[in-house]
Structure formats: structure tokens, C-alpha cells
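S.K.: One structure is given below, represented as C-alpha cells, and several questions about it will come after.
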Amino acid sequence: MYKERKVRNRVIAAAEAKSPPLPPVSGSSTITPTIRKSGSIEEKKTGKKFLEGATIGILPLNNCNARVTLLSERITEFGGVPLPYRKNTMMSFDKATHIVVNFETPIKDIVTFCRTDADKAFLRDSLPKIKYVRCKWLSESFTKGVRMSEDDYSINALLQEEITRAEVQEHLHKYRRSTSFRDATVPSNSQRETNLAKKDGEAKIADKSQPPKSSGTVSPADVSSGWKRNLNEDDSSDYEDSSGEVSDEEEDLDSSREKETLVRSGSGSFTVSDSLKEKYICAQASSSGTKNLNEHLTVPLEKLMNTHKSQGQEFRAMAYGKAISALRNFPKKIQRAEDVGSLRNIGGSILSKITEILENGTCQKVDNLCVDDEVNKAIALFCNIHGVSSKTAIKWASAKLRTLEELSTKVTLNRAQVIGLKHYHDFLDRIPRSEVEEIEKTVKGAALDLQKGLEIVTCGSYRRGKPTCGDVDILISHPDGKSHRNLFGPLLEKLRTSEFLTDDLSISEESSQKKYLGVCRLPKEDSKFRRLDIIVVPYCEFGCALLYFTGSAYFNRSMRAYAHKLSMTLSHHSLNRNVVRMKKVKISDGEPFPNLTTEKAIFECMGLPYREPADRDH
DNA sequence: GGTCAGCAACG
DNA sequence: CGTTGC
DNA sequence: GACC
Ligand SMILES: O=c1ccn([C@H]2C[C@H](O)[C@@H](COP(=O)(O)OP(=O)(O)OP(=O)(O)O)O2)c(=O)[nH]1
Ligand SMILES: [Mg+2]
């Protein structure tokens with residue numbers, strides 16, 4: 001019953017023109033059909049109303065006022081209705097049948113011009129209805145005195161293409177190696193306490209501290225003001241051939257603002273540049289719900305990752321893991337290596353593998369390194385046993401062990417390994433959500449029997465909304481701050497008596513948080529043995545425990561690394577500030593932030609935008 | 001050339 | 001302490 | 001293996 005208001009923070013950053021200013025493919029001068037200009041003058045004079053029925057919006061981009069006025073007059077002259085651009089919104093073209101665009105304006109600039117969500121939506125949705133044409137269509141028509149075919153000047157298709165590209169760019173922008181520079185402020189402990197003093201509900205604090213931070217994206221207001229000026233001042237290009245390189249000024253504007261890095265301010269709170277923050281995936285939402293469009297890449301790379309992991313190459317495997325996550329979240333199927341751009345966590349080595357996969361369908365490294373010779377096969381096989389990892393797997397394989405059957409007789413297994421071996425196949429199986437819910441119900445029932453008012457949340461991949469789960473992770477606490485105390489032992493006892501729990505893997509009772517890691521089975525015919533993880537925590541640690549137990553593991557590690565950067569530590573117990581470290585070693589633990597009973601409070605303390613569980617699936 | 005999360009159980 | 005797991 |  002923890003309530004966390006849903007604030008979906010999908011602010012869309014103005015697609016920043018980081019890509020090379022691609023030459024206007026549709027260079028009007030090259031493509032325009034060459035039509036003899038004979039006899040244009042008298043036809044024009046006849047005043048044929050060949051634009052009858054056309055309502056024509058004029059995009060001010062690269063068109064000075066004088067030019068817009070001139071065009072408007074001529075449109076009227078030939079029976080059309082000119083539509084001026086008003087209130088800085090594309091909505092002023094709502095009724096348009098046509099929109100004309102200056103001949104040299106790159107398609108990219110048109111898309112970038114539509115920077116607000118409303119304008120983007122308008123542009124996207126209007127493509128089937130409105131004909132976007134180069135203004136050459138008008139001038140040709142004027143000179144010829146007849147209405148030229150729009151098709152020859154249409155840029156709808158190019159716009160559609162560019163919109164898709166911009167969406168990808170926008171995504172890239174968020175995940176790029178280095179990005180933008182604005183600041184977010186991190187509240188100090190003292191500030192927070194003041195907040196707490198004034199509060200009378202958790203939600204309020206969360207709302208309160210929103211204003212100073214830029215919620216992880218470029219402030220659209222900032223950018224647009226720069227553009228309006230750009231727009232008004234731009235008188236340069238007027239007639240059909242001055243090939244002025246416009247645009248690209250925004251970039252300079254932005255980089256001149258770079259200065260703000262890490263600034264410490266008084267009264268304990270300090271600011272952190274967004275560019276730093278954006279390097280941590282915990283500051284970014286994972287693309288929840290959307291499908292992995294890059295399985296053709298992630299599947300072979302996963303294989304490579306697993307090989308490295310089973311060979312004990314922990315950090316190399318982690319590097320692959322991050323790269324895979326980046327590819328999973330990429331909004332577009334990658335067909336060519338260039339599509340990857342400078343996606344964070346994909347460096348030269350992995351990129352070369354991607355290239356190879358795209359070209360050959362496979363990667364030599366995958367084939368070579370993952371040669372399924374019998375030793376490697378055995379290592380991989382052993383690593384899938386709960387309680388066995390690279391060290392043990394390699395040791396056994398080197399001792400010429402090859403099969404699961406040999407293990408029980410030829411090596412000494414510890415408790416967890418015995419159980420892991422016993423349930424080898426069941427544990428490899430993933431659990432459907434419906435079954436997770438049945439298990440949750442069983443544990444919940446037993447717990448509430450022992451103590452009412454408990455707060456019980458199923459976390460892990462289940463809480464992140466995954467369709468299947470590797471295990472069941474249940475978090476239990478009590479809002480009164482003390483009634484969780486005598487629960488752990490009795491709960492396990494109860495669940496054992498009902499024969500729901502079948503094996504224990506490890507039990508930790510020594511700290512404030514109690515943890516059970518074991519095996520359970522629903523009382524049904526053919527039901528499988530499932531791994532079950534239960535933690536019972538004091539309510540003062542509820543927020544940190546919930547955050548931790550919801551994961552994902554990568555998300556946690558990123559958030560903890562970010563905390564580290566802020567001279568904090570984040571664990572399943574607490575978020576501490578003013579941690580002193582020398583080199584790697586912690587000299588002082590610092591002090592914990594008090595009352596972190598919600599996840600939101602933790603994000604807030606760290607100056608991070610709140611992320612829904614589903615958006616933490618990195 | 002250093003860092004890559006932070007903690008806890010098991011043996 | 002080394003290994004494994006969450 | 002990526003990034004600082
Ligand atoms: O190395 C780890 C492993 C797990 N966790 C946290 C995050 C994770 O979400 C939660 C539960 O762990 P589990 O292994 O069950 O991961 P999961 O996210 O639930 O995935 P799965 O579907 O495999 O259970 O514990 C970590 O912080 N670090
Ligand atoms: Mg889990």
C-alpha cells in the first residue's frame with residue numbers, strides 16, 4: 001500500500017542537430033523539372049485563379065517577413081488562401097492544404113523547427129493530409145501561370161524519413177557519450193530535513209523539489225528562445241539560389257554554455273552538471289514495454305557475454321552486459337554499423353563485432369571464442385548450477401568432469417550446490433507472472449496471519465513488469481516501525497510446516513534486515529520448484545530496501561556508482577552522505593539521510609528524476 | 001592505468 | 001579468506 | 001571491454 005504517484009517523465013528533448021548537416025538531398029535546383037519558361041508572363045497576367053481551394057501555409061523558416069508577405073500576396077492573387085505562421089506553433093497551419101518551405105531549408109531543419117511536442121505531433125500527423133512542398137512549386141506555378149503538380153516538389157516522404165531519424169537521434173542524444181550541460185541540484189541533508197519538517201505527506205516533498213531540476217532533459221524553453229531570435233534575424237536568403245549554410249548555430253550556442261561543471265554551493269546542497277548525470281543509466285528510463293528490435297545483435301553478444309562470465313572475466317562480461325542493454329533500448333532495428341552512432345557503452349571492440357554480425361550474420365569471435373568444445377560446454381553447464389560460478393566450474397572442468405551426473409560422486413558439493421543440482425532444470429525455467437502471484441499470495445497469507453498491517457511487495461523482475469521471472473522476490477515490512485521484528489522466524493516456520501518451503505539456500509538473520517533465500521513449491525500436481533527470496537526489513541529502511549529489491553541489478557549498480565560520485569553511498573539499508581573515501585577505501589561512513597521510506601525520497605536526495613519500476617529495466 | 005556497487009552467507 | 005548470491 |  002505504499003503509494004507512489006505516477007509521474008511519467010517522458011519529456012522529449014529537442015532533437016539537437018548533432019548529426020552532420022546532411023546536404024539537402026532534395027536540392028530543389030537539381031531535381032526541379034526543367035520546364036520551358038515560355039509565355040509565362042501573359043498567362044500570369046490573365047489572373048487565372050489556379051490556386052482556388054488551396055489553403056497555403058508558409059513556413060517562416062529561412063523566409064524573411066518581406067518574403068512571406070510577397071508570397072501571401074501572390075497566393076491571394078491566384079485565388080489561394082495564404083496562411084501565416086502565428087503564435088509560434090504549427091497549429092496555425094491546422095486548416096492548410098499545403099505548406100510551402102523555402103527551397104534551401106534542409107529537411108532536418110524543418111523537423112528540428114517543430115520542437116514542441118505539439119508541433120512534432122502536428123508534423124507527424126499532418127503528413128498524410130497536408131502537402132509539404134518546396135516554394136519552387138509556387139514560383140514555377142506563378143511563372144507558368146498554371147498549377148504545377150505538387151508531386152514534383154513534395155517533401156512529405158523526406159520529412160517522414162527525417163522524423164524517424166530524428167527520433168533515433170533524440171534517443172542517441174540521451175545516451176551519447178557526452179551530451180548537454182545544464183545543472184541539476186542535489187538537495188543537502190539539511191535542506192531535506194527542512195522539507196520534512198514542513199511536510200505532512202510524502203508526496204509533497206517529492207513535488208516540492210522538482211522546480212530546480214531540469215528533469216533530465218534539455219529545457220525546451222531555453223532552446224526555443226534562442227530560435228525565435230534566429231528566426232527573426234534571419235533575413236539572409238531570399239531568392240532561389242543563394243546556398244547559405246544556415247542552421248548549426250544552436251550547437252555553438254549550446255557549447256558556449258558548457259562551463260557549468262561541478263559547482264559546490266553553500267548550505268550543503270550542490271549542483272551537478274547534467275552531462276555528468278546523464279552518463280549514468282539510472283538517470284534514464286529504460287524503454288519499457290517496447291520490444292527489443294535488435295535481437296539479431298543482442299543474442300550473439302549475450303552468448304559472448306556468458307562465455308566471458310563463465311571464464312571469470314567479470315568486467316569484460318559486464319561491459320558486454322551494458323552494451324547489450326544499450327542495444328535493447330535502442331528504438332530502431334540496427335541495419336548498418338553507422339546506425340549505432342556513438343551509443344554509450346559500445347566501444348570499438350564491440351562495434352567491430354556488431355559490424356561483423358551485420359555483414360556475415362555471425363561473428364568470428366563468437367564462433368572462435370565460444371567454440372563449444374567439451375571443456376567450454378562443461379563450464380557453461382556447471383555455471384548454471386545455483387551455487388556454482390566460474391571458479392568452481394573451471395576447477396571441475398579442468399578435473400575432467402563433464403556431466404552433472406559425475407558431480408555428486410566426484411566432488412564435494414556445498415549445501416546450495418546440492419540443492420542447485422537437484423533442481424537444475426526447474427531453476428533454469430522462468431516463472432510466469434500468474435504463478436508468481438500465487439506464490440506471493442501464499443507468503444502474504446501466512447505473514448498476515450502472524451501479523452496484521454504488514455506491507456508486502458513482490459519486487460525484482462515482477463515489479464518491473466516482466467512477463468516471466470527467474471525467481472520470486474518478496475519484501476515485507478511494517479509501517480509502525482516495529483511489528484516486523486518477530487516475524488521472520490515464525491513466518492519461515494509456518495511456511496515450512498505447510499510444506500511450501502522445500503529447501504533453504506541461505507538465511508541471514510544477523511543484520512537489521514532478515515533475508516531468506518530458498519526453494520518453494522505450490523501444492524499442485526506437476527508444479528515446479530521455484531527459488532524464493534524473502535526479506536523482512538524495518539520500516540525506516542523500507543525505501544532503500546524496496547529500491548534495491550526492485551532492481552534491476554544494473555540499475556542498482558549505476559545508481560550506487562552515481563551516489564559514490566556524489567560522495568554518498570547507497571545500499572539496501574540507507575543512503576549516506578558525506579562519505580569520505582581515500583582512493584578506494586572508505587574512511588568515514590558519513591551520515592544516513594533519515595526517513596527514506598519511499599523510493600521517491602531517494603531519487604530526490606540524489607537529484608535524479610524518479611523512475612517507475614518498469615523504467616528501471618536496464 | 002584505475003575503476004567498474006555494496007553487502008551478506010557459507011565453508 | 002575466497003566464492004557465490006541478491 | 002568501456003570510459004575517464
Ligand atoms: O547482483 C545483484 C543481483 C540482484 N540485485 C537486486 C536487484 C534485483 O532486481 C533484486 C532481485 O534479484 P534477482 O536476482 O531476483 O533479479 P531480478 O531482477 O528479480 O531478475 P530475475 O527475473 O532473474 O529474478 O536484487 C542487486 O542489487 N545486485
Ligand atoms: Mg528475481
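Identifiers for the C-alpha cells are assigned positionally: chains receive A, B, ... in sequence, residues are indexed from 1 per chain, and ligands are indexed from 1 in the order shown.
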List all protein, DNA and RNA residues that have any atom at most 10 Å from ligand 1, counting only C-alpha atoms (C1' of nucleotides) and all ligand atoms, and write the list as a ChimeraX atom specification.
M.R.: /A:428,430-431,458-464,466-474,531-533,545-557,560,571-572,613,616-618 /B:5-7 /C:5-6
S.K.: Using only C-alpha atoms (C1' of nucleotides) and a cut-off of 9 Å, which residues of chain A sit close to chain C? Please list them as a VMD selection string.
M.R.: chain A and resid 386 to 389 391 to 392 517 533 549 553
S.K.: I'd like the interatomic distance between CA of Lys322 in chain A and CA of Ala393 in chain A, to a tenth of an Å.
M.R.: 24.2 Å
S.K.: List the neighbours of range 416-424 of chain A out to 9 Å using only C-alpha atoms (C1' of nucleotides); skip same-chain residues closer than 5 positions along the sequence, and give me the result as a list in words.
M.R.: Asn384, Ile385, His386, Gly387, Val388, Leu404, Leu407, Ser408, Asp503, Asp504, Leu505, Ser506, Val519, Phe529 and Arg530 of chain A; DC10 of chain B
S.K.: With all heavy atoms retained, write the just-selected residues as a short mmCIF file (atom, residue, chain, number, x, y, z; two decimals), in the first residue's frame.
M.R.:
```cif
data_model
loop_
_atom_site.label_atom_id
_atom_site.label_comp_id
_atom_site.auth_asym_id
_atom_site.auth_seq_id
_atom_site.Cartn_x
_atom_site.Cartn_y
_atom_site.Cartn_z
N ASN A 384 25.48 -23.08 -14.61
CA ASN A 384 24.03 -22.95 -14.45
C ASN A 384 23.52 -23.58 -13.16
O ASN A 384 22.33 -23.52 -12.88
CB ASN A 384 23.31 -23.57 -15.64
CG ASN A 384 23.32 -22.64 -16.83
OD1 ASN A 384 23.33 -21.42 -16.67
ND2 ASN A 384 23.34 -23.22 -18.03
N ILE A 385 24.41 -24.17 -12.40
CA ILE A 385 24.00 -24.71 -11.12
C ILE A 385 23.99 -23.58 -10.10
O ILE A 385 24.96 -22.83 -10.01
CB ILE A 385 24.97 -25.80 -10.62
CG1 ILE A 385 25.07 -26.93 -11.66
CG2 ILE A 385 24.55 -26.34 -9.27
CD1 ILE A 385 26.18 -27.92 -11.36
N HIS A 386 22.91 -23.47 -9.36
CA HIS A 386 22.88 -22.45 -8.33
C HIS A 386 23.96 -22.76 -7.31
O HIS A 386 24.00 -23.86 -6.75
CB HIS A 386 21.51 -22.43 -7.64
CG HIS A 386 21.41 -21.37 -6.61
ND1 HIS A 386 20.76 -20.17 -6.82
CD2 HIS A 386 21.90 -21.31 -5.36
CE1 HIS A 386 20.86 -19.42 -5.75
NE2 HIS A 386 21.54 -20.09 -4.83
N GLY A 387 24.87 -21.84 -7.06
CA GLY A 387 25.96 -22.07 -6.12
C GLY A 387 27.27 -22.37 -6.81
O GLY A 387 28.29 -22.53 -6.16
N VAL A 388 27.23 -22.41 -8.11
CA VAL A 388 28.47 -22.64 -8.87
C VAL A 388 28.68 -21.45 -9.81
O VAL A 388 27.75 -21.02 -10.50
CB VAL A 388 28.38 -23.93 -9.70
CG1 VAL A 388 29.64 -24.09 -10.55
CG2 VAL A 388 28.15 -25.12 -8.80
N LEU A 404 26.67 -33.52 -15.31
CA LEU A 404 26.07 -33.27 -14.00
C LEU A 404 26.10 -34.53 -13.14
O LEU A 404 26.31 -34.47 -11.93
CB LEU A 404 24.62 -32.80 -14.17
CG LEU A 404 24.40 -31.47 -14.89
CD1 LEU A 404 22.92 -31.15 -14.99
CD2 LEU A 404 25.14 -30.34 -14.17
N LEU A 407 29.11 -35.21 -10.92
CA LEU A 407 29.41 -34.28 -9.83
C LEU A 407 29.17 -34.86 -8.44
O LEU A 407 30.05 -34.83 -7.58
CB LEU A 407 28.60 -32.99 -9.99
CG LEU A 407 29.00 -32.11 -11.18
CD1 LEU A 407 28.12 -30.87 -11.25
CD2 LEU A 407 30.46 -31.73 -11.09
N SER A 408 27.99 -35.40 -8.26
CA SER A 408 27.61 -35.83 -6.91
C SER A 408 28.57 -36.87 -6.33
O SER A 408 28.76 -36.94 -5.12
CB SER A 408 26.18 -36.38 -6.92
OG SER A 408 26.00 -37.22 -8.03
N ASP A 503 13.42 -26.27 0.55
CA ASP A 503 14.86 -26.26 0.85
C ASP A 503 15.28 -24.84 1.22
O ASP A 503 14.70 -23.88 0.71
CB ASP A 503 15.68 -26.65 -0.39
CG ASP A 503 15.39 -28.07 -0.85
OD1 ASP A 503 15.96 -29.00 -0.28
OD2 ASP A 503 14.57 -28.20 -1.80
N ASP A 504 16.30 -24.74 2.06
CA ASP A 504 16.87 -23.42 2.36
C ASP A 504 18.24 -23.30 1.69
O ASP A 504 19.06 -24.21 1.76
CB ASP A 504 17.05 -23.24 3.87
CG ASP A 504 15.74 -23.45 4.62
OD1 ASP A 504 14.66 -23.29 3.99
OD2 ASP A 504 15.79 -23.80 5.82
N LEU A 505 18.47 -22.20 1.06
CA LEU A 505 19.78 -21.99 0.43
C LEU A 505 20.69 -21.15 1.31
O LEU A 505 21.86 -21.46 1.50
CB LEU A 505 19.59 -21.30 -0.93
CG LEU A 505 19.00 -22.20 -2.01
CD1 LEU A 505 18.49 -21.38 -3.18
CD2 LEU A 505 20.03 -23.22 -2.46
N SER A 506 20.14 -20.08 1.84
CA SER A 506 20.91 -19.31 2.82
C SER A 506 19.97 -18.42 3.60
O SER A 506 18.93 -17.99 3.09
CB SER A 506 22.02 -18.50 2.14
OG SER A 506 21.58 -17.19 1.87
N VAL A 519 13.82 -22.39 -1.50
CA VAL A 519 13.06 -23.02 -2.57
C VAL A 519 11.63 -23.30 -2.08
O VAL A 519 11.44 -23.70 -0.94
CB VAL A 519 13.70 -24.36 -2.98
CG1 VAL A 519 12.99 -24.94 -4.20
CG2 VAL A 519 15.18 -24.17 -3.27
N PHE A 529 9.66 -26.57 -8.76
CA PHE A 529 10.35 -25.98 -7.62
C PHE A 529 10.84 -24.60 -8.03
O PHE A 529 11.46 -24.45 -9.10
CB PHE A 529 11.53 -26.86 -7.20
CG PHE A 529 11.10 -28.14 -6.56
CD1 PHE A 529 10.80 -29.27 -7.33
CD2 PHE A 529 10.96 -28.24 -5.18
CE1 PHE A 529 10.39 -30.46 -6.75
CE2 PHE A 529 10.55 -29.43 -4.58
CZ PHE A 529 10.26 -30.54 -5.36
N ARG A 530 10.56 -23.62 -7.19
CA ARG A 530 10.89 -22.24 -7.54
C ARG A 530 11.78 -21.61 -6.49
O ARG A 530 11.60 -21.85 -5.29
CB ARG A 530 9.60 -21.42 -7.64
CG ARG A 530 8.57 -21.95 -8.63
CD ARG A 530 9.11 -22.02 -10.04
NE ARG A 530 8.04 -22.12 -11.02
CZ ARG A 530 8.24 -22.27 -12.32
NH1 ARG A 530 9.48 -22.33 -12.81
NH2 ARG A 530 7.22 -22.36 -13.15
P DC B 10 24.36 -19.23 6.09
OP1 DC B 10 23.10 -20.00 5.92
OP2 DC B 10 24.88 -18.88 7.43
"O5'" DC B 10 25.52 -19.97 5.31
"C5'" DC B 10 25.30 -20.39 3.98
"C4'" DC B 10 26.62 -20.84 3.42
"O4'" DC B 10 27.51 -19.71 3.37
"C3'" DC B 10 27.33 -21.91 4.25
"O3'" DC B 10 27.50 -23.03 3.41
"C2'" DC B 10 28.67 -21.27 4.63
"C1'" DC B 10 28.82 -20.20 3.56
N1 DC B 10 29.65 -19.01 3.86
C2 DC B 10 30.72 -18.67 3.02
O2 DC B 10 30.97 -19.41 2.06
N3 DC B 10 31.46 -17.58 3.29
C4 DC B 10 31.15 -16.81 4.34
N4 DC B 10 31.90 -15.72 4.55
C5 DC B 10 30.07 -17.11 5.20
C6 DC B 10 29.35 -18.21 4.94
#
```
S.K.: Take CA of Ser342 in chain A and CA of Leu276 in chain A and report the distance between them in Å, one decimal.
M.R.: 16.6 Å
S.K.: With distances taken over only C-alpha atoms and all ligand atoms, which of A:Gly465, A:Glu295, A:Trp137, A:Ala378 is nearest to ligand 2?
M.R.: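 Closest residue, counting only C-alpha atoms and all ligand atoms: A:Gly465.
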S.K.: Please run DSSP on the backbone and report, as a VMD selection string, all residues within range 557-599 of chain A that come out as helix (DSSP H, G or I).
M.R.: chain A and resid 557 to 565 599
S.K.: May I ask which of the residues A:Ser483, A:Pro106, A:Asn578, A:Arg433 is the closest one to ligand 2, counting only C-alpha atoms and all ligand atoms?
M.R.: A:Arg433
